[in-house]
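Asks: So that we are looking at the same thing, I have put the structure below in structure tokens.
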Amino acid sequence: MTYDTLFESAQLGPIQISNRIMSSGHQTTLVEDHLPTEDFYEYHLARGRGGAGLVVLEAHAVHQSGLLTDHTIDASTDEIVDAYDAFADRMHETETRVLTQLFHGGRERYTGDYAPPALSASDEPTDRLHVIPRPMETDEVREMISAYVDAAVRMERAGLDGVEIVGSHSYLPAQFWSSKVNSRDDEFGGSLANRCRFTVEIVDRIHERTGDDFVVGLRLSASEASTDGLSFEDTVPIIEHIENRATPDYWSVVVGSSSTQKGCSYIVPPATESEALTQSPGAVIDELVSGSTILTSRINTPRKAVETIEETGADVVGMTRALIADPELPRKTRSGELEDVIPCVACNQGCIGRYQDGLPIRCTINPKTGREAEYGDLTPAKTEKPVLVVGGGPAGLVAATTAAKRGHDVTLVEATDDLGGQINAYADLDHRGRYREWIRTLESRLDRHDVTVQYGTKFRAENAEKYDFEELVLATGARPRLPDVSGSDAITVRTATDALSEADPFGDSVLISDWNGNQAALDVAREAAESGADVEIVTAAYTPGESVQQYVQNTLLGDLYADDVTMTPHYQVRSIEDDRVVLRNQFNETTERRSGIDTLVFSHGGKADVDTYRNCTDLDASIHRIGDCWSPRSLDEAVWEAFETAANI
């Protein structure tokens, strides 16, 4: 496949961009005192240097009442002009155009120490965040329109190329144009023209107040993807009216709504969702409007990007998470280095998951992301050393490839015949994304950096003299943890790893014991249900999937409910009595019993391999433990510890 289409220039209103690849607006939490930080600048500069034609900066609040979190950038004061002055020039030096999002969530509001009233068109609440907003008075609506316009003028003064008004995901503009939310009886409610007036006046007045070369785009959800939200049939007349009255320079098309559990999952669609979410409505919208069209949402590979452009007529494609995983994707694609592109696995852990926890953006599989100021350039080793890495799971692979890239002479030993470690248990599940491709990328880097790999080799301290090393990196992982519960002839006991790895492991009735609301339990439940078994998840957490990123959790739980999986929170497996499983309540320690169970699957985390380390403490070498063999945690920690260790050897 050729990718020339991606690297054609494209017109975006009055400006031209060098290629069709965009990093769309997304929250980074690289913000202090509501202003961008140096980490923020370096994060986006990395995407510019990597070859993206367009970067749209994250949601900027146009008004104090729109500061969604403590880390929302404030565009309502002139401080933002100084914050972007030099940055805009630096971005333009990369030949990347840069816009910013103008945002107000309306009724969509997180709370901090104090919860001021959330402002909206009416008092229709949001089911997801459980906020009941205060309807704006007419003069407040006009003040809010002015706030959008003033913020746009500040962006122009700062040297940015334009703004994108965020009307997607049921944020404030959509709360006005939706008849399901807007029940006003003034000039901003009632008829379609009145409901769209808020958006039309914002676009018109920004055009009036800014220069002819300043872009004004509009982002909207083609469908809010929930029963009570706007359907595509509802959205089309809204698009037609705004297009005829205000003519935005471009339309950026997404799917979903922040106001419902089902709809919010499409804001950052996990691997469970289609890679073609916006293609069908995007093609229709491209025919409806005179300006440019941008399509986003799970366009995660260059192939998918080309197909989207060719099948929809879109001018630009948003490849945001693909660029979070690898900011050099455009450059690598253009130069034919596709095998070295770090693939986004759509896990949502390091990007949107950390934002929802109030933490700076990261990427689970790219440890440089969000740390570009510190690790943007990986420095060669001052002294090249022989390095032995034990364990070929994710931590071992990242450590080996990073150390070798820095110039060390690296040997990797793996006890089995395959690389990938625990990931191999779920890498091929349809809903788990592109983990297998990530492992292949790491394997190709082993070859490229001349790492010696020994398969089927169990490392033992007593045989250490077979290897020449000064630095020993232990990445031997953990084995599945099993509670002290004996099996019976009637009930087969398995770990989640075994259940995901073996053929036909389930039987007719499966009980899954989930310790902490982890994804492995949901994976097993889904596989068991698809095999035709009756399935129950018993979790000691408040809900199954509690530790899983919200959007992934939402979609998986939706699928499990559709498959009639029984979900029992607040219980743990206590024992097995003949052919019955005894459950104990976490709060009052009362018990229940389940009979007729064929297979009991434990998803209880891992038990670290500490023996290998203890046997190595007398060796004449620097010893480093990384990942689960140090302490069982998540893939994020394993990858980060591997990278940081290798970066500092």
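Chain labels run A, B, ... following the order of the structure tokens; each chain numbers its residues from 1, and ligands are numbered from 1 in the order shown.
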Distance table requested - region 10-126 of chain A against region 169-187 of chain A, cut-off 12 Å, only C-alpha atoms: one row per qualifying residue with the closest atom pair and its distance in Å to one decimal, ordered by chain and rising residue number, as CSV.

Replies:
```
residue,atom,partner,partner_atom,distance
A:Ala59,CA,A:Tyr171,CA,11.2
A:Ala61,CA,A:Leu172,CA,11.4
A:Val62,CA,A:Leu172,CA,11.4
A:His63,CA,A:Leu172,CA,11.9
A:Ser65,CA,A:Leu172,CA,11.6
A:Gly66,CA,A:Leu172,CA,9.5
A:Leu68,CA,A:Tyr171,CA,11.2
A:Leu102,CA,A:Leu172,CA,10.9
A:Phe103,CA,A:Leu172,CA,8.0
A:His104,CA,A:Leu172,CA,5.7
A:Gly105,CA,A:Tyr171,CA,4.6
A:Gly106,CA,A:Leu172,CA,4.6
A:Arg107,CA,A:Leu172,CA,7.3
A:Glu108,CA,A:Tyr171,CA,6.7
A:Arg109,CA,A:Tyr171,CA,9.8
A:Ala118,CA,A:Leu172,CA,10.5
A:Leu119,CA,A:Leu172,CA,8.5
A:Ser120,CA,A:Leu172,CA,6.5
A:Ala121,CA,A:Phe176,CA,5.5
A:Ser122,CA,A:Asn182,CA,5.5
A:Asp123,CA,A:Val181,CA,8.1
A:Glu124,CA,A:Val181,CA,5.8
A:Pro125,CA,A:Val181,CA,8.6
A:Thr126,CA,A:Ser170,CA,9.6
```

Asks: Please identify all polymer residues within 6 Å of region 390-399 of chain A, counting only C-alpha atoms, omitting same-chain residues fewer than 6 positions from it, and present them as a count of residues only.

Replies: 15

Asks: If you count only C-alpha atoms, which residues fall within 12 Å of region 530-532 of chain A, apart from same-chain ones fewer than 4 positions away, as a PyMOL selection string?

Replies: chain A and resi 429+499+503-510+523-526+559-560+562-565

Asks: Quote the spacing between CA of Gly350 (chain A) and CA of Thr293 (chain A) in Å to one decimal place.

Replies: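 About the pair CA of Gly350 (chain A) and CA of Thr293 (chain A): they are 28.6 Å apart.
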
Asks: Between CA of Val389 (chain A) and CA of Val473 (chain A), measure the distance and give it in Å to one decimal.

Replies: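 These atoms are spaced 4.7 Å apart.
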
Asks: For Cys264 (chain A), which residue among A:Leu329, A:Met1, A:Ala46, A:Val552 is the nearest when counting only C-alpha atoms?

Replies: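 Counting only C-alpha atoms, the residue closest to Cys264 (chain A) is A:Val552.
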
Asks: At a cut-off of 8 Å, using only C-alpha atoms, what residues contact Gly217 (chain A)? Leave out same-chain residues fewer than 4 positions from it and give the result as number ranges by chain.

Replies: A: 162-165, 248-252
